[in-house]
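Colleague: Sharing my_file_7.cif here; it has mmCIF, N, CA and C atoms.
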data_work
loop_
_atom_site.label_atom_id
_atom_site.label_comp_id
_atom_site.auth_asym_id
_atom_site.auth_seq_id
_atom_site.Cartn_x
_atom_site.Cartn_y
_atom_site.Cartn_z
N MET M 13 -31.67 17.68 -25.97
CA MET M 13 -30.86 17.15 -24.90
C MET M 13 -29.65 18.06 -24.70
N GLY M 14 -29.36 18.37 -23.45
CA GLY M 14 -28.25 19.25 -23.13
C GLY M 14 -26.95 18.49 -22.99
N LEU M 15 -26.00 19.09 -22.29
CA LEU M 15 -24.70 18.45 -22.09
C LEU M 15 -24.79 17.28 -21.12
N ILE M 16 -25.79 17.34 -20.23
CA ILE M 16 -25.97 16.25 -19.28
C ILE M 16 -27.29 15.57 -19.62
N SER M 17 -27.26 14.25 -19.77
CA SER M 17 -28.48 13.53 -20.13
C SER M 17 -29.43 13.48 -18.94
N THR M 18 -30.62 12.99 -19.17
CA THR M 18 -31.61 12.91 -18.10
C THR M 18 -31.18 11.95 -17.00
N ALA M 19 -30.30 11.01 -17.31
CA ALA M 19 -29.80 10.07 -16.30
C ALA M 19 -28.69 10.70 -15.45
N GLY M 20 -28.33 11.95 -15.72
CA GLY M 20 -27.30 12.64 -14.95
C GLY M 20 -25.89 12.34 -15.42
N ARG M 21 -25.74 11.74 -16.56
CA ARG M 21 -24.41 11.42 -17.09
C ARG M 21 -24.02 12.42 -18.16
N PHE M 22 -22.71 12.58 -18.32
CA PHE M 22 -22.22 13.45 -19.38
C PHE M 22 -22.50 12.83 -20.74
N THR M 23 -22.85 13.67 -21.69
CA THR M 23 -22.95 13.21 -23.07
C THR M 23 -21.53 13.12 -23.62
N PRO M 24 -21.32 12.42 -24.73
CA PRO M 24 -19.96 12.35 -25.29
C PRO M 24 -19.36 13.74 -25.55
N TRP M 25 -20.16 14.68 -25.99
CA TRP M 25 -19.68 16.04 -26.26
C TRP M 25 -19.21 16.70 -24.96
N ALA M 26 -19.97 16.54 -23.89
CA ALA M 26 -19.61 17.14 -22.61
C ALA M 26 -18.33 16.51 -22.07
N ARG M 27 -18.18 15.20 -22.24
CA ARG M 27 -16.94 14.54 -21.80
C ARG M 27 -15.74 15.08 -22.55
N MET M 28 -15.91 15.28 -23.86
CA MET M 28 -14.80 15.79 -24.67
C MET M 28 -14.41 17.20 -24.22
N ILE M 29 -15.39 18.04 -23.93
CA ILE M 29 -15.11 19.39 -23.46
C ILE M 29 -14.41 19.35 -22.10
N ALA M 30 -14.89 18.49 -21.19
CA ALA M 30 -14.28 18.39 -19.86
C ALA M 30 -12.82 17.94 -19.96
N VAL M 31 -12.55 16.95 -20.80
CA VAL M 31 -11.17 16.46 -20.96
C VAL M 31 -10.28 17.56 -21.54
N ALA M 32 -10.79 18.30 -22.51
CA ALA M 32 -10.02 19.39 -23.12
C ALA M 32 -9.72 20.48 -22.08
N GLU M 33 -10.69 20.80 -21.25
CA GLU M 33 -10.47 21.83 -20.22
C GLU M 33 -9.41 21.37 -19.22
N VAL M 34 -9.48 20.12 -18.79
CA VAL M 34 -8.49 19.60 -17.84
C VAL M 34 -7.11 19.58 -18.49
N ALA M 35 -7.02 19.24 -19.76
CA ALA M 35 -5.73 19.24 -20.47
C ALA M 35 -5.12 20.65 -20.50
N LEU M 36 -5.96 21.65 -20.73
CA LEU M 36 -5.46 23.04 -20.74
C LEU M 36 -4.99 23.47 -19.36
N ILE M 37 -5.72 23.05 -18.32
CA ILE M 37 -5.32 23.38 -16.95
C ILE M 37 -3.99 22.70 -16.62
N LEU M 38 -3.84 21.43 -17.03
CA LEU M 38 -2.59 20.72 -16.81
C LEU M 38 -1.43 21.43 -17.50
N LYS M 39 -1.63 21.86 -18.73
CA LYS M 39 -0.58 22.57 -19.46
C LYS M 39 -0.17 23.84 -18.73
N ARG M 40 -1.18 24.57 -18.22
CA ARG M 40 -0.90 25.80 -17.48
C ARG M 40 -0.01 25.52 -16.27
N HIS M 41 -0.26 24.41 -15.58
CA HIS M 41 0.53 24.07 -14.40
C HIS M 41 1.92 23.55 -14.79
N LEU M 42 2.00 22.77 -15.85
CA LEU M 42 3.31 22.29 -16.28
C LEU M 42 4.18 23.42 -16.82
N ASP M 43 3.57 24.48 -17.33
CA ASP M 43 4.32 25.63 -17.83
C ASP M 43 5.03 26.38 -16.71
N LYS M 44 4.71 26.06 -15.45
CA LYS M 44 5.37 26.70 -14.31
C LYS M 44 6.79 26.17 -14.13
N LEU M 45 7.08 25.04 -14.77
CA LEU M 45 8.44 24.49 -14.71
C LEU M 45 9.34 25.27 -15.66
N GLY M 46 10.57 25.45 -15.25
CA GLY M 46 11.52 26.18 -16.07
C GLY M 46 12.02 25.34 -17.23
N PRO M 47 12.88 25.95 -18.06
CA PRO M 47 13.44 25.21 -19.20
C PRO M 47 14.21 23.99 -18.73
N GLY M 48 13.90 22.85 -19.29
CA GLY M 48 14.60 21.62 -18.95
C GLY M 48 14.02 20.88 -17.76
N GLU M 49 13.21 21.56 -16.93
CA GLU M 49 12.69 20.90 -15.74
C GLU M 49 11.65 19.83 -16.07
N LEU M 50 10.86 20.04 -17.11
CA LEU M 50 9.89 19.03 -17.50
C LEU M 50 10.61 17.76 -17.96
N ALA M 51 11.67 17.93 -18.73
CA ALA M 51 12.45 16.78 -19.19
C ALA M 51 13.11 16.08 -18.00
N GLU M 52 13.58 16.88 -17.04
CA GLU M 52 14.19 16.31 -15.84
C GLU M 52 13.16 15.50 -15.04
N MET M 53 11.94 16.04 -14.93
CA MET M 53 10.88 15.34 -14.22
C MET M 53 10.55 14.02 -14.93
N ARG M 54 10.46 14.09 -16.25
CA ARG M 54 10.16 12.89 -17.04
C ARG M 54 11.24 11.84 -16.84
N THR M 55 12.51 12.26 -16.84
CA THR M 55 13.62 11.34 -16.65
C THR M 55 13.55 10.66 -15.28
N LEU M 56 13.27 11.45 -14.25
CA LEU M 56 13.17 10.89 -12.90
C LEU M 56 11.99 9.93 -12.78
N LEU M 57 10.87 10.29 -13.38
CA LEU M 57 9.70 9.41 -13.33
C LEU M 57 9.95 8.11 -14.09
N THR M 58 10.62 8.21 -15.22
CA THR M 58 10.95 7.01 -16.01
C THR M 58 11.91 6.12 -15.24
N LYS M 59 12.91 6.73 -14.62
CA LYS M 59 13.89 5.96 -13.85
C LYS M 59 13.24 5.26 -12.66
N SER M 60 12.27 5.92 -12.03
CA SER M 60 11.64 5.35 -10.84
C SER M 60 10.76 4.14 -11.18
N LYS M 61 10.19 4.13 -12.39
CA LYS M 61 9.27 3.07 -12.80
C LYS M 61 8.14 2.90 -11.78
N GLY M 62 7.77 4.01 -11.14
CA GLY M 62 6.69 3.98 -10.16
C GLY M 62 7.11 3.51 -8.78
N ARG M 63 8.39 3.27 -8.60
CA ARG M 63 8.88 2.80 -7.31
C ARG M 63 9.89 3.78 -6.74
N PRO M 64 9.59 4.38 -5.60
CA PRO M 64 10.51 5.36 -5.00
C PRO M 64 11.90 4.78 -4.72
N GLY M 65 11.97 3.49 -4.45
CA GLY M 65 13.26 2.86 -4.14
C GLY M 65 14.23 2.84 -5.31
N ASN M 66 13.73 3.11 -6.52
CA ASN M 66 14.61 3.15 -7.69
C ASN M 66 15.33 4.48 -7.83
N LEU M 67 15.02 5.44 -6.97
CA LEU M 67 15.67 6.76 -7.01
C LEU M 67 16.55 6.94 -5.79
N THR M 68 17.61 7.72 -5.96
CA THR M 68 18.45 8.07 -4.81
C THR M 68 17.72 9.10 -3.96
N LYS M 69 18.24 9.34 -2.79
CA LYS M 69 17.62 10.32 -1.89
C LYS M 69 17.60 11.70 -2.55
N ALA M 70 18.68 12.05 -3.22
CA ALA M 70 18.76 13.36 -3.90
C ALA M 70 17.75 13.44 -5.03
N GLU M 71 17.58 12.34 -5.77
CA GLU M 71 16.62 12.34 -6.88
C GLU M 71 15.19 12.45 -6.37
N LYS M 72 14.90 11.76 -5.27
CA LYS M 72 13.56 11.86 -4.66
C LYS M 72 13.28 13.30 -4.23
N SER M 73 14.28 13.91 -3.63
CA SER M 73 14.13 15.29 -3.18
C SER M 73 13.89 16.23 -4.36
N ARG M 74 14.65 16.04 -5.42
CA ARG M 74 14.50 16.89 -6.61
C ARG M 74 13.13 16.70 -7.25
N LEU M 75 12.68 15.45 -7.33
CA LEU M 75 11.35 15.19 -7.89
C LEU M 75 10.28 15.86 -7.03
N GLY M 76 10.45 15.82 -5.73
CA GLY M 76 9.50 16.50 -4.83
C GLY M 76 9.47 18.00 -5.08
N GLN M 77 10.65 18.60 -5.30
CA GLN M 77 10.72 20.04 -5.59
C GLN M 77 9.98 20.36 -6.89
N LEU M 78 10.18 19.54 -7.90
CA LEU M 78 9.54 19.77 -9.20
C LEU M 78 8.03 19.63 -9.09
N VAL M 79 7.59 18.63 -8.35
CA VAL M 79 6.14 18.42 -8.18
C VAL M 79 5.52 19.60 -7.44
N LYS M 80 6.19 20.08 -6.39
CA LYS M 80 5.67 21.24 -5.65
C LYS M 80 5.54 22.46 -6.55
N LYS M 81 6.47 22.61 -7.46
CA LYS M 81 6.47 23.76 -8.36
C LYS M 81 5.25 23.74 -9.28
N VAL M 82 4.75 22.55 -9.60
CA VAL M 82 3.59 22.39 -10.48
C VAL M 82 2.28 22.69 -9.72
N GLU M 83 2.34 22.73 -8.41
CA GLU M 83 1.19 23.00 -7.54
C GLU M 83 0.06 22.00 -7.76
N PRO M 84 0.26 20.73 -7.35
CA PRO M 84 -0.75 19.70 -7.59
C PRO M 84 -2.08 19.96 -6.90
N GLY M 85 -2.06 20.56 -5.72
CA GLY M 85 -3.31 20.86 -5.02
C GLY M 85 -4.17 21.85 -5.78
N ALA M 86 -3.53 22.91 -6.25
CA ALA M 86 -4.26 23.93 -7.03
C ALA M 86 -4.76 23.33 -8.34
N PHE M 87 -3.93 22.46 -8.95
CA PHE M 87 -4.36 21.79 -10.18
C PHE M 87 -5.60 20.95 -9.92
N ALA M 88 -5.58 20.15 -8.86
CA ALA M 88 -6.71 19.27 -8.56
C ALA M 88 -7.99 20.06 -8.31
N ARG M 89 -7.88 21.15 -7.55
CA ARG M 89 -9.07 21.98 -7.27
C ARG M 89 -9.62 22.59 -8.55
N THR M 90 -8.74 23.15 -9.36
CA THR M 90 -9.17 23.80 -10.60
C THR M 90 -9.76 22.78 -11.58
N ALA M 91 -9.10 21.62 -11.71
CA ALA M 91 -9.59 20.59 -12.62
C ALA M 91 -10.94 20.05 -12.16
N ALA M 92 -11.10 19.82 -10.87
CA ALA M 92 -12.36 19.30 -10.36
C ALA M 92 -13.49 20.29 -10.57
N THR M 93 -13.21 21.55 -10.36
CA THR M 93 -14.23 22.59 -10.55
C THR M 93 -14.60 22.73 -12.01
N SER M 94 -13.60 22.70 -12.90
CA SER M 94 -13.89 22.89 -14.32
C SER M 94 -14.60 21.69 -14.92
N ALA M 95 -14.32 20.49 -14.43
CA ALA M 95 -14.93 19.28 -14.98
C ALA M 95 -16.31 19.00 -14.39
N SER M 96 -16.67 19.73 -13.34
CA SER M 96 -17.96 19.50 -12.69
C SER M 96 -19.10 20.07 -13.53
N PRO M 97 -20.18 19.33 -13.64
CA PRO M 97 -21.32 19.86 -14.40
C PRO M 97 -22.00 21.02 -13.67
N LEU M 98 -21.80 21.11 -12.37
CA LEU M 98 -22.41 22.18 -11.58
C LEU M 98 -21.31 23.10 -11.07
N ARG M 99 -20.73 23.86 -11.96
CA ARG M 99 -19.61 24.73 -11.61
C ARG M 99 -20.05 25.82 -10.65
N ARG M 100 -19.12 26.15 -9.76
CA ARG M 100 -19.38 27.28 -8.88
C ARG M 100 -19.18 28.56 -9.65
N LYS M 101 -20.05 29.50 -9.40
CA LYS M 101 -19.88 30.78 -10.06
C LYS M 101 -18.93 31.62 -9.23
N LYS M 102 -18.06 32.33 -9.92
CA LYS M 102 -17.09 33.19 -9.23
C LYS M 102 -17.82 34.38 -8.63
N LYS M 103 -17.40 34.70 -7.40
CA LYS M 103 -17.99 35.87 -6.74
C LYS M 103 -17.31 37.13 -7.25
N LEU M 104 -18.09 38.13 -7.45
CA LEU M 104 -17.53 39.39 -7.94
C LEU M 104 -17.05 40.25 -6.83
#
Show this structure as C-alpha coordinates.

Modeller:
Amino acid sequence: MGLISTAGRFTPWARMIAVAEVALILKRHLDKLGPGELAEMRTLLTKSKGRPGNLTKAEKSRLGQLVKKVEPGAFARTAATSASPLRRKKKL
(Lines of atoms letter the chains of each structure in order from A and count residues from 1; the text may use other names and numbers.)
(Lines give C-alpha, C1' and ligand atoms only; values in the text may rest on other atoms or scores of the structure.)
Protein backbone atom coordinates (compact mmCIF):
# COMPACT_ATOMS: atom_id res chain seq x y z
CA MET A 1 0.00 0.00 0.00
CA GLY A 2 1.33 3.41 -0.96
CA LEU A 3 0.83 6.81 0.62
CA ILE A 4 -2.73 6.95 -0.68
CA SER A 5 -5.03 4.03 0.06
CA THR A 6 -7.23 2.42 -2.56
CA ALA A 7 -10.16 4.50 -1.25
CA GLY A 8 -8.26 7.66 -2.25
CA ARG A 9 -7.56 8.74 1.32
CA PHE A 10 -4.24 9.63 2.86
CA THR A 11 -2.64 7.01 5.03
CA PRO A 12 -1.58 8.19 8.52
CA TRP A 13 2.03 8.42 7.29
CA ALA A 14 1.03 10.59 4.32
CA ARG A 15 -1.01 12.88 6.58
CA MET A 16 1.96 13.29 8.90
CA ILE A 17 4.24 14.20 5.97
CA ALA A 18 1.68 16.67 4.58
CA VAL A 19 1.29 18.40 7.97
CA ALA A 20 5.08 18.62 8.38
CA GLU A 21 5.47 20.14 4.91
CA VAL A 22 2.77 22.75 5.58
CA ALA A 23 4.41 23.59 8.93
CA LEU A 24 7.74 24.20 7.18
CA ILE A 25 6.05 26.40 4.57
CA LEU A 26 4.33 28.37 7.33
CA LYS A 27 7.65 28.89 9.12
CA ARG A 28 9.22 30.14 5.88
CA HIS A 29 6.45 32.73 5.53
CA LEU A 30 6.53 33.78 9.18
CA ASP A 31 10.30 34.27 8.90
CA LYS A 32 9.54 37.18 6.54
CA LEU A 33 8.54 39.20 9.60
CA GLY A 34 11.27 41.28 11.16
CA PRO A 35 12.50 41.06 14.75
CA GLY A 36 9.63 41.66 17.14
CA GLU A 37 6.96 41.69 14.43
CA LEU A 38 5.79 38.15 15.16
CA ALA A 39 5.33 39.06 18.83
CA GLU A 40 3.52 42.24 17.78
CA MET A 41 1.21 40.21 15.53
CA ARG A 42 0.53 37.76 18.36
CA THR A 43 -0.27 40.63 20.74
CA LEU A 44 -2.70 42.20 18.27
CA LEU A 45 -4.39 38.87 17.57
CA THR A 46 -4.71 38.13 21.29
CA LYS A 47 -6.13 41.60 21.96
CA SER A 48 -8.67 41.25 19.15
CA LYS A 49 -10.00 37.90 20.46
CA GLY A 50 -11.15 37.30 16.89
CA ARG A 51 -13.20 40.48 16.78
CA PRO A 52 -11.97 43.43 14.71
CA GLY A 53 -13.94 45.83 16.93
CA ASN A 54 -11.56 45.10 19.81
CA LEU A 55 -8.73 46.85 17.94
CA THR A 56 -8.25 50.53 17.21
CA LYS A 57 -8.09 51.72 13.63
CA ALA A 58 -4.30 52.03 13.88
CA GLU A 59 -4.00 48.50 15.30
CA LYS A 60 -6.17 47.07 12.51
CA SER A 61 -4.00 48.83 9.96
CA ARG A 62 -0.80 47.52 11.54
CA LEU A 63 -2.16 43.98 11.68
CA GLY A 64 -3.06 44.26 7.99
CA GLN A 65 0.51 45.36 7.19
CA LEU A 66 1.95 42.42 9.11
CA VAL A 67 -0.38 39.94 7.42
CA LYS A 68 0.52 41.30 3.97
CA LYS A 69 4.19 40.87 4.79
CA VAL A 70 3.61 37.15 5.44
CA GLU A 71 2.08 36.80 1.94
CA PRO A 72 -1.01 34.70 2.77
CA GLY A 73 -1.92 34.10 -0.89
CA ALA A 74 1.49 32.68 -1.72
CA PHE A 75 1.37 30.60 1.47
CA ALA A 76 -2.04 29.16 0.56
CA ARG A 77 -0.95 28.27 -2.99
CA THR A 78 2.29 26.65 -1.84
CA ALA A 79 0.61 24.77 1.03
CA ALA A 80 -2.20 23.49 -1.19
CA THR A 81 0.25 22.30 -3.83
CA SER A 82 2.55 20.60 -1.34
CA ALA A 83 -0.29 18.87 0.54
CA SER A 84 -1.91 17.62 -2.66
CA PRO A 85 -1.39 13.95 -3.47
CA LEU A 86 -1.18 14.88 -7.16
CA ARG A 87 1.50 17.56 -7.08
CA ARG A 88 2.21 19.57 -10.15
CA LYS A 89 5.63 19.01 -11.55
CA LYS A 90 7.74 22.11 -11.96
CA LYS A 91 8.46 23.08 -15.54
CA LEU A 92 12.10 23.32 -16.42

Colleague: Fewer than 2 positions away in the same chain doesn't count, so skip those; otherwise give me all residues within 8 Å of range 73-90 of chain M, counting all atoms listed in the file, as a PyMOL selection string.

Modeller: chain M and resi 33-34+37-38+40-45+49+52-53+56-57+67-71+92-96

Colleague: Would you work out the distance separating atom C of Ala51 in chain M from CA of Asn66 in chain M, expressed in Å to one decimal?

Modeller: 16.6 Å

Colleague: State, in Å with one decimal place, the distance from CA of Lys39 in chain M to CA of Gly62 in chain M.

Modeller: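 Computing it gives 22.0 Å between the two atoms.
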